[in-house]
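Undergrad: Shown below is the structure under consideration.
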Amino acid sequence: MIHFDRAECRAPDGTVLVKPTTLTWDASHVAVIGANGSGKSTLVRMINGLAPLSSGTVTVGGHSVKTHGAQVRSQVGFLFTDPSAQLIMPTVIEDVELSLRKLVKNREERRERAREHLDRFGLTGKEDVPVHSLSGGQQQLLALASISATEPSIIIADEPTTLLDRRWRRVIGDMLASLPTQLIEVTHDLEAATRADQCVVVDQAEVVFSGEPAHAVAHYVELMDTSAKDALS
Amino acid sequence: MIGVELYRPLRTPLHMLPAWLKLAGLASVALSVFRIHDVTTVGIMAAAALTLFISTRPPARLGLRTVVLLMAFAALGGAFHWIFGDPSRGTHIALTLATVMFTAVAVTASTSMDAMLQVFGLLLWPLRRWIPHTTLALAASLVVRTVPEVARILQESAVAARARGLQRNPRAIAIPSGIRVVHHALTVGDAITARGLADVAPPTRDSL
Ligand SMILES: Nc1ncnc2c1ncn2[C@@H]1O[C@H](COP(=O)(O)OP(=O)(O)OP(=O)(O)O)[C@@H](O)[C@H]1O
Ligand SMILES: [Mg+2]
């Protein structure tokens, strides 16, 4: 469970990126939608400390990010948009092993666990392949495998399928949905948003709606249509 | 790009040797071949190095491409002397370069990155008091991981520049590449933070 309590984020120059926000995310699948530059990424980055809070608090499972950042990050997996930038090790199995390093101390055991984990994600036979020779979709699948190897209780995915083709969008989407974790998904795919249990609309650095996905999407569409008309007139 | 993609997990004799021995071998070949002045001896060494590379059973196309590319490099090294000076000196330089490069790819093709990094980790062991061993290993891996990404970014920027008819303008490639490399580095930094790799082990009840 994630709880924002008057949490605010400002850029170093003082610009407000996310206005003080109070809300609770306890649904198992939360979608975050909103226009480009509205503050979606900043909002979800406040959860694991990538976007530092300027005031207020965010807690994950009761732990405050400000004071217990390491504990929070060990519970929260974060999937980025660009698959290649979040894979750190040169080969496939090494990247999963890196995640397992704190959990499994024995090298052989760790390799075995990593292998099993890759099997689960349909990456059997790719163990020793260099990461950069995988397709974008395979890289994103590996990124998901690597972050879920640490058994997080929450996965935050910031537009995880934006750069992928239709088939891989499906694969990654289904894989995300099948994981037994709470999922926070930033997306521009309104159809995917309606499949969530809860949907949040962000507009101009502010959460302007939180609730039932169909209503949230309707709210967002109206917001966008109005501002597009304003821009054209 | 000649690099980690050459590695295949096979069981050839060279694959079975420990990584430290192969790296030590490579270092001593590189250091000694430059001292040998007899062209025939260096020629034999180059042939032996090529055989060594072939013995690692690289996939046909990639292996062939690598060999052709390295021979071209070696020839380039000797070209100056062939054209302007002493042709036998040119041959000597080309063969020397070929020996070192073929030995290097033979080692790369038969040693996993993991094994190599372990050796580097051990070599850097004396530094452990100042820099944690895991940090060193992570840094080394990041370098290996970043090289092909930077190559990809440069290539994409070059294509984009050509598409706008700016292939003659080096700034049209350098500036967007630079920005993208920095952006990439920032994202990698975020990913390292998000994966908890920058965090020290969470405090346990006893340590509080
Ligand atoms: N570190 C920063 N310093 C200054 N401004 C920033 C910083 N990070 C983000 N911004 C600005 O804050 C605003 C919100 O950015 P954010 O990335 O959260 O938007 P977003 O909703 O995720 O957009 P998109 O849909 O394009 O991903 C943008 O105008 C962005 O330029
Ligand atoms: Mg964003």
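Order determines the names: the first chain of the structure tokens is A, the second B, and so forth; residues in each chain are numbered 1 upward, and ligands are numbered 1 upward as they are shown.
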Can you pull out every residue within 12 Å of Ala72 in chain B, counting only C-alpha atoms, but drop anything in the same chain fewer than 3 positions away, and send it as an mmCIF file with N, CA, C and O atoms, in the first residue's frame?
TA:
```cif
data_model
loop_
_atom_site.group_PDB
_atom_site.id
_atom_site.type_symbol
_atom_site.label_atom_id
_atom_site.label_comp_id
_atom_site.auth_asym_id
_atom_site.auth_seq_id
_atom_site.Cartn_x
_atom_site.Cartn_y
_atom_site.Cartn_z
ATOM 1 N N ARG B 65 33.970 -12.329 -40.428
ATOM 2 C CA ARG B 65 33.932 -10.876 -40.437
ATOM 3 C C ARG B 65 35.030 -10.311 -39.525
ATOM 4 O O ARG B 65 35.720 -9.363 -39.870
ATOM 5 N N THR B 66 35.155 -10.940 -38.355
ATOM 6 C CA THR B 66 36.172 -10.502 -37.401
ATOM 7 C C THR B 66 37.570 -10.611 -38.009
ATOM 8 O O THR B 66 38.363 -9.668 -37.948
ATOM 9 N N VAL B 67 37.854 -11.777 -38.625
ATOM 10 C CA VAL B 67 39.182 -12.002 -39.205
ATOM 11 C C VAL B 67 39.472 -10.963 -40.296
ATOM 12 O O VAL B 67 40.537 -10.337 -40.315
ATOM 13 N N VAL B 68 38.495 -10.751 -41.189
ATOM 14 C CA VAL B 68 38.700 -9.796 -42.286
ATOM 15 C C VAL B 68 38.956 -8.394 -41.738
ATOM 16 O O VAL B 68 39.888 -7.697 -42.147
ATOM 17 N N LEU B 69 38.149 -8.028 -40.759
ATOM 18 C CA LEU B 69 38.271 -6.704 -40.160
ATOM 19 C C LEU B 69 39.643 -6.504 -39.520
ATOM 20 O O LEU B 69 40.307 -5.486 -39.715
ATOM 21 N N ALA B 75 46.749 -4.485 -41.918
ATOM 22 C CA ALA B 75 47.283 -3.990 -43.188
ATOM 23 C C ALA B 75 47.433 -2.473 -43.139
ATOM 24 O O ALA B 75 48.429 -1.909 -43.588
ATOM 25 N N LEU B 76 46.426 -1.840 -42.536
ATOM 26 C CA LEU B 76 46.460 -0.391 -42.383
ATOM 27 C C LEU B 76 47.702 0.033 -41.603
ATOM 28 O O LEU B 76 48.353 1.022 -41.926
ATOM 29 N N GLY B 77 47.995 -0.770 -40.570
ATOM 30 C CA GLY B 77 49.175 -0.476 -39.744
ATOM 31 C C GLY B 77 50.465 -0.557 -40.540
ATOM 32 O O GLY B 77 51.403 0.203 -40.299
ATOM 33 N N GLY B 78 50.516 -1.498 -41.485
ATOM 34 C CA GLY B 78 51.750 -1.679 -42.264
ATOM 35 C C GLY B 78 51.799 -0.795 -43.497
ATOM 36 O O GLY B 78 52.865 -0.586 -44.088
ATOM 37 N N ALA B 79 50.646 -0.244 -43.886
ATOM 38 C CA ALA B 79 50.511 0.452 -45.171
ATOM 39 C C ALA B 79 51.540 1.570 -45.349
ATOM 40 O O ALA B 79 52.135 1.693 -46.416
ATOM 41 N N ALA B 94 52.520 -5.231 -39.657
ATOM 42 C CA ALA B 94 51.199 -5.819 -39.893
ATOM 43 C C ALA B 94 51.068 -7.167 -39.169
ATOM 44 O O ALA B 94 50.049 -7.445 -38.525
ATOM 45 N N LEU B 95 52.115 -7.990 -39.258
ATOM 46 C CA LEU B 95 52.057 -9.320 -38.630
ATOM 47 C C LEU B 95 52.029 -9.207 -37.107
ATOM 48 O O LEU B 95 51.339 -9.964 -36.423
ATOM 49 N N LEU B 97 50.803 -6.707 -35.339
ATOM 50 C CA LEU B 97 49.445 -6.287 -34.958
ATOM 51 C C LEU B 97 48.472 -7.456 -35.062
ATOM 52 O O LEU B 97 47.648 -7.681 -34.166
ATOM 53 N N ALA B 98 48.596 -8.224 -36.153
ATOM 54 C CA ALA B 98 47.688 -9.357 -36.353
ATOM 55 C C ALA B 98 47.824 -10.364 -35.209
ATOM 56 O O ALA B 98 46.827 -10.877 -34.698
ATOM 57 N N MET B 101 46.070 -8.980 -32.094
ATOM 58 C CA MET B 101 44.611 -8.908 -32.232
ATOM 59 C C MET B 101 43.968 -10.296 -32.299
ATOM 60 O O MET B 101 42.923 -10.522 -31.693
#
```
Undergrad: DSSP says strand (DSSP E) for which residues of range 11-197 of chain A? Put them as a PyMOL selection string?
TA: chain A and resi 16-25+29-34+55-60+63-64+76-79+154-158+182-186
Undergrad: Find the residues of chain A that sit at most 6 Å from chain B; for each, write down the nearest two atoms and how far apart they are in Å, to one decimal. Count only C-alpha atoms. Sort by chain, then by number going up, and give it as CSV.
TA:
```
residue,atom,partner,partner_atom,distance
A:Ala70,CA,B:Asp199,CA,5.7
A:Arg73,CA,B:Gly196,CA,5.7
A:Ala85,CA,B:Val188,CA,5.2
A:Gln86,CA,B:Ala191,CA,5.1
A:Met89,CA,B:Ser141,CA,5.7
A:Pro90,CA,B:Arg145,CA,4.8
A:Pro130,CA,B:Glu5,CA,6.0
```
Undergrad: Taking 6 positions as the minimum chain separation for residues in the same chain, which residues sit within 8 Å of range 184-191 of chain A when counting only C-alpha atoms? Answer as a list in words.
TA: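 Using only C-alpha atoms, the neighbours found are His29, Val30, Ala31, Val32, Ile33, Gly34, Lys40, Ser41, Ile154, Ile155, Ile156, Ala157, Asp158, Glu159, Pro160 and Val217 of chain A.
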Undergrad: Would you return as a PyMOL selection string the members of range 1-231 of chain A that DSSP assigns to alpha helix (DSSP H) on this structure's backbone?
TA: chain A and resi 40-48+69-75+92-100+107-120+136-148+166-178+190-194+213-231
Undergrad: When distances are computed from only C-alpha atoms and all ligand atoms, which of A:Ala214, A:Leu134, A:Val207, A:Leu118 shows the smallest separation from ligand 1?
TA: A:Val207
